[in-house]
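Structure file my_file-v6.pdb (PDB, C-alpha atoms) is printed below.
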MODEL        1
ATOM      1  CA  MET A   1     194.735 186.500  83.203
ATOM      2  CA  GLU A   2     194.502 183.729  80.602
ATOM      3  CA  ILE A   3     193.879 180.999  83.201
ATOM      4  CA  GLU A   4     190.833 182.902  84.444
ATOM      5  CA  ILE A   5     189.326 182.868  80.962
ATOM      6  CA  ILE A   6     189.987 179.140  80.635
ATOM      7  CA  VAL A   7     188.404 178.408  84.020
ATOM      8  CA  ALA A   8     185.398 180.604  83.205
ATOM      9  CA  ASN A   9     184.854 178.870  79.830
ATOM     10  CA  PHE A  10     185.262 175.426  81.392
ATOM     11  CA  SER A  11     182.800 176.165  84.166
ATOM     12  CA  TYR A  12     180.322 177.576  81.648
ATOM     13  CA  ALA A  13     180.663 174.445  79.511
ATOM     14  CA  VAL A  14     180.086 172.172  82.518
ATOM     15  CA  LEU A  15     177.059 174.215  83.556
ATOM     16  CA  GLY A  16     175.763 174.065  79.988
ATOM     17  CA  ALA A  17     176.176 170.283  79.924
ATOM     18  CA  LEU A  18     174.208 169.971  83.164
ATOM     19  CA  VAL A  19     171.453 172.217  81.812
ATOM     20  CA  THR A  20     171.375 170.115  78.631
ATOM     21  CA  ILE A  21     170.936 166.903  80.623
ATOM     22  CA  VAL A  22     168.158 168.433  82.727
ATOM     23  CA  LEU A  23     166.347 169.709  79.632
ATOM     24  CA  MET A  24     166.646 166.287  77.988
ATOM     25  CA  MET A  25     165.062 164.693  81.060
ATOM     26  CA  VAL A  26     162.251 167.250  80.969
ATOM     27  CA  GLY A  27     161.805 166.660  77.235
ATOM     28  CA  TYR A  28     161.529 162.916  77.806
ATOM     29  CA  LYS A  29     158.903 163.446  80.511
ATOM     30  CA  VAL A  30     156.914 165.748  78.196
ATOM     31  CA  LEU A  31     157.123 163.173  75.385
ATOM     32  CA  ASP A  32     155.959 160.483  77.805
ATOM     33  CA  TRP A  33     153.083 162.705  78.906
ATOM     34  CA  LEU A  34     152.018 163.507  75.326
ATOM     35  CA  THR A  35     151.993 159.947  74.031
ATOM     36  CA  PRO A  36     149.029 157.660  74.749
ATOM     37  CA  PHE A  37     151.336 154.801  75.814
ATOM     38  CA  ASP A  38     153.982 154.324  78.490
ATOM     39  CA  THR A  39     157.245 155.183  76.757
ATOM     40  CA  SER A  40     159.443 153.487  79.354
ATOM     41  CA  LYS A  41     157.426 150.283  79.133
ATOM     42  CA  GLN A  42     157.596 150.290  75.332
ATOM     43  CA  LEU A  43     161.368 150.832  75.436
ATOM     44  CA  GLY A  44     161.628 147.968  77.927
ATOM     45  CA  GLU A  45     159.775 145.759  75.461
ATOM     46  CA  ASN A  46     162.338 146.671  72.747
ATOM     47  CA  ASN A  47     159.886 148.647  70.607
ATOM     48  CA  ILE A  48     162.187 149.922  67.864
ATOM     49  CA  ALA A  49     159.802 152.645  66.635
ATOM     50  CA  VAL A  50     159.579 154.213  70.097
ATOM     51  CA  GLY A  51     163.357 153.963  70.424
ATOM     52  CA  ILE A  52     163.826 155.848  67.159
ATOM     53  CA  VAL A  53     161.416 158.598  68.262
ATOM     54  CA  VAL A  54     163.086 158.978  71.671
ATOM     55  CA  GLY A  55     166.541 158.956  70.077
ATOM     56  CA  ALA A  56     165.517 161.614  67.556
ATOM     57  CA  MET A  57     164.093 163.738  70.372
ATOM     58  CA  PHE A  58     167.375 163.506  72.305
ATOM     59  CA  VAL A  59     169.411 164.409  69.206
ATOM     60  CA  GLY A  60     167.175 167.408  68.481
ATOM     61  CA  LEU A  61     167.305 168.691  72.039
ATOM     62  CA  GLY A  62     171.047 168.098  72.201
ATOM     63  CA  ILE A  63     171.661 170.098  69.040
ATOM     64  CA  ALA A  64     169.407 172.965  70.123
ATOM     65  CA  VAL A  65     170.780 173.304  73.636
ATOM     66  CA  GLY A  66     174.333 172.625  72.458
ATOM     67  CA  LEU A  67     174.123 175.521  70.035
ATOM     68  CA  VAL A  68     172.948 177.819  72.789
ATOM     69  CA  VAL A  69     175.802 176.753  75.063
ATOM     70  CA  GLY A  70     178.345 176.896  72.248
ATOM     71  CA  LEU A  71     177.305 180.369  71.156
ATOM     72  CA  GLY A  72     177.434 181.511  74.769
ATOM     73  CA  LEU A  73     181.128 180.609  74.941
ATOM     74  CA  ASN A  74     182.014 183.152  72.268
TER      75      ASN A  74
ENDMDL
END

Let me see the structure of the file written as structure tokens.
Amino acid sequence: MEIEIIVANFSYAVLGALVTIVLMMVGYKVLDWLTPFDTSKQLGENNIAVGIVVGAMFVGLGIAVGLVVGLGLN
């Protein structure tokens, strides 16, 4: 009985991690669409300001989706 709960929680956590990665990719594409410049090109040119914005976006999305996944495990 206990092993089933462990397997269910593990599979839910893996699924949540995959959903988090997909949502981060979508968030990056939306950010790239909203900005008047090419985000990938600016990151390739080592633009620190764009790197900070993209990093902050990933942290924010990670926290938000991580909370949803974490609360779902309870």

- Item | Matched chain/residue IDs from the PyMOL selection byres ((chain A and resi 5-22) around 12), as a list of chain:residue names |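 Written out, the selection comes to A:Met1, A:Glu2, A:Ile3, A:Glu4, A:Leu23, A:Met24, A:Met25, A:Val26, A:Gly27, A:Tyr28, A:Lys29, A:Phe58, A:Val59, A:Gly60, A:Leu61, A:Gly62, A:Ile63, A:Ala64, A:Val65, A:Gly66, A:Leu67, A:Val68, A:Val69, A:Gly70, A:Leu71, A:Gly72, A:Leu73, A:Asn74.
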
Those residues you just picked out, can you put them in a file as an mmCIF file, keeping the file's coordinate frame with C-alpha atoms?
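The new file result_26.cif reads:
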data_model
loop_
_atom_site.group_PDB
_atom_site.id
_atom_site.type_symbol
_atom_site.label_atom_id
_atom_site.label_comp_id
_atom_site.auth_asym_id
_atom_site.auth_seq_id
_atom_site.Cartn_x
_atom_site.Cartn_y
_atom_site.Cartn_z
ATOM 1 C CA MET A 1 194.735 186.500 83.203
ATOM 2 C CA GLU A 2 194.502 183.729 80.602
ATOM 3 C CA ILE A 3 193.879 180.999 83.201
ATOM 4 C CA GLU A 4 190.833 182.902 84.444
ATOM 5 C CA LEU A 23 166.347 169.709 79.632
ATOM 6 C CA MET A 24 166.646 166.287 77.988
ATOM 7 C CA MET A 25 165.062 164.693 81.060
ATOM 8 C CA VAL A 26 162.251 167.250 80.969
ATOM 9 C CA GLY A 27 161.805 166.660 77.235
ATOM 10 C CA TYR A 28 161.529 162.916 77.806
ATOM 11 C CA LYS A 29 158.903 163.446 80.511
ATOM 12 C CA PHE A 58 167.375 163.506 72.305
ATOM 13 C CA VAL A 59 169.411 164.409 69.206
ATOM 14 C CA GLY A 60 167.175 167.408 68.481
ATOM 15 C CA LEU A 61 167.305 168.691 72.039
ATOM 16 C CA GLY A 62 171.047 168.098 72.201
ATOM 17 C CA ILE A 63 171.661 170.098 69.040
ATOM 18 C CA ALA A 64 169.407 172.965 70.123
ATOM 19 C CA VAL A 65 170.780 173.304 73.636
ATOM 20 C CA GLY A 66 174.333 172.625 72.458
ATOM 21 C CA LEU A 67 174.123 175.521 70.035
ATOM 22 C CA VAL A 68 172.948 177.819 72.789
ATOM 23 C CA VAL A 69 175.802 176.753 75.063
ATOM 24 C CA GLY A 70 178.345 176.896 72.248
ATOM 25 C CA LEU A 71 177.305 180.369 71.156
ATOM 26 C CA GLY A 72 177.434 181.511 74.769
ATOM 27 C CA LEU A 73 181.128 180.609 74.941
ATOM 28 C CA ASN A 74 182.014 183.152 72.268
#

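With atom CA of Val30 of chain A on one side and atom CA of Ile52 of chain A on the other, the separation reads 16.4 Å.
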
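Excluding segment 31-39 of chain A and any residue on its chain fewer than 3 positions from it, the residues at most 10 Å away by all atoms listed in the file are A:Met25, A:Val26, A:Gly27, A:Tyr28, A:Gln42, A:Leu43, A:Gly44, A:Glu45, A:Asn47, A:Val50, A:Gly51, A:Val53, A:Val54, A:Met57.
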
Hey, could you pull the box centre and edge lengths for segment 26-40 of chain A, axis-aligned, 6 Å padding per side, all listed atoms, to one decimal in Å, as lines of an AutoDock Vina configuration file?
center_x = 155.6
center_y = 160.4
center_z = 77.5
size_x = 25.2
size_y = 25.8
size_z = 18.9

When you get a chance, write out N, CA and C atoms for segment 23-45 of chain A, as a short mmCIF file (atom, residue, chain, number, x, y, z; two decimals), in the coordinates of the input.
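The result, written out as rebuild28.cif:
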data_model
loop_
_atom_site.label_atom_id
_atom_site.label_comp_id
_atom_site.auth_asym_id
_atom_site.auth_seq_id
_atom_site.Cartn_x
_atom_site.Cartn_y
_atom_site.Cartn_z
N LEU A 23 167.35 169.45 80.66
CA LEU A 23 166.35 169.71 79.63
C LEU A 23 166.00 168.45 78.84
N MET A 24 166.95 167.55 78.66
CA MET A 24 166.65 166.29 77.99
C MET A 24 165.72 165.43 78.86
N MET A 25 165.95 165.44 80.17
CA MET A 25 165.06 164.69 81.06
C MET A 25 163.65 165.28 81.04
N VAL A 26 163.56 166.60 81.04
CA VAL A 26 162.25 167.25 80.97
C VAL A 26 161.58 166.94 79.64
N GLY A 27 162.35 166.98 78.56
CA GLY A 27 161.80 166.66 77.24
C GLY A 27 161.29 165.24 77.16
N TYR A 28 161.99 164.30 77.79
CA TYR A 28 161.53 162.92 77.81
C TYR A 28 160.22 162.79 78.59
N LYS A 29 160.14 163.48 79.71
CA LYS A 29 158.90 163.45 80.51
C LYS A 29 157.73 164.05 79.74
N VAL A 30 157.97 165.13 79.00
CA VAL A 30 156.91 165.75 78.20
C VAL A 30 156.49 164.79 77.08
N LEU A 31 157.45 164.16 76.43
CA LEU A 31 157.12 163.17 75.39
C LEU A 31 156.31 162.04 75.98
N ASP A 32 156.69 161.56 77.15
CA ASP A 32 155.96 160.48 77.81
C ASP A 32 154.55 160.92 78.17
N TRP A 33 154.40 162.17 78.56
CA TRP A 33 153.08 162.71 78.91
C TRP A 33 152.19 162.88 77.67
N LEU A 34 152.79 163.26 76.55
CA LEU A 34 152.02 163.51 75.33
C LEU A 34 151.57 162.24 74.61
N THR A 35 152.33 161.18 74.75
CA THR A 35 151.99 159.95 74.03
C THR A 35 150.95 159.14 74.81
N PRO A 36 150.08 158.42 74.08
CA PRO A 36 149.03 157.66 74.75
C PRO A 36 149.52 156.35 75.37
N PHE A 37 150.80 156.04 75.26
CA PHE A 37 151.34 154.80 75.81
C PHE A 37 152.48 155.14 76.77
N ASP A 38 152.88 154.14 77.55
CA ASP A 38 153.98 154.32 78.49
C ASP A 38 155.30 154.13 77.74
N THR A 39 156.01 155.22 77.55
CA THR A 39 157.24 155.18 76.76
C THR A 39 158.28 154.26 77.38
N SER A 40 158.45 154.33 78.68
CA SER A 40 159.44 153.49 79.35
C SER A 40 159.11 152.01 79.19
N LYS A 41 157.84 151.68 79.30
CA LYS A 41 157.43 150.28 79.13
C LYS A 41 157.69 149.81 77.71
N GLN A 42 157.37 150.65 76.73
CA GLN A 42 157.60 150.29 75.33
C GLN A 42 159.09 150.12 75.03
N LEU A 43 159.92 150.99 75.62
CA LEU A 43 161.37 150.83 75.44
C LEU A 43 161.86 149.55 76.09
N GLY A 44 161.27 149.21 77.25
CA GLY A 44 161.63 147.97 77.93
C GLY A 44 161.25 146.74 77.14
N GLU A 45 160.21 146.86 76.31
CA GLU A 45 159.78 145.76 75.46
C GLU A 45 160.48 145.77 74.10
#
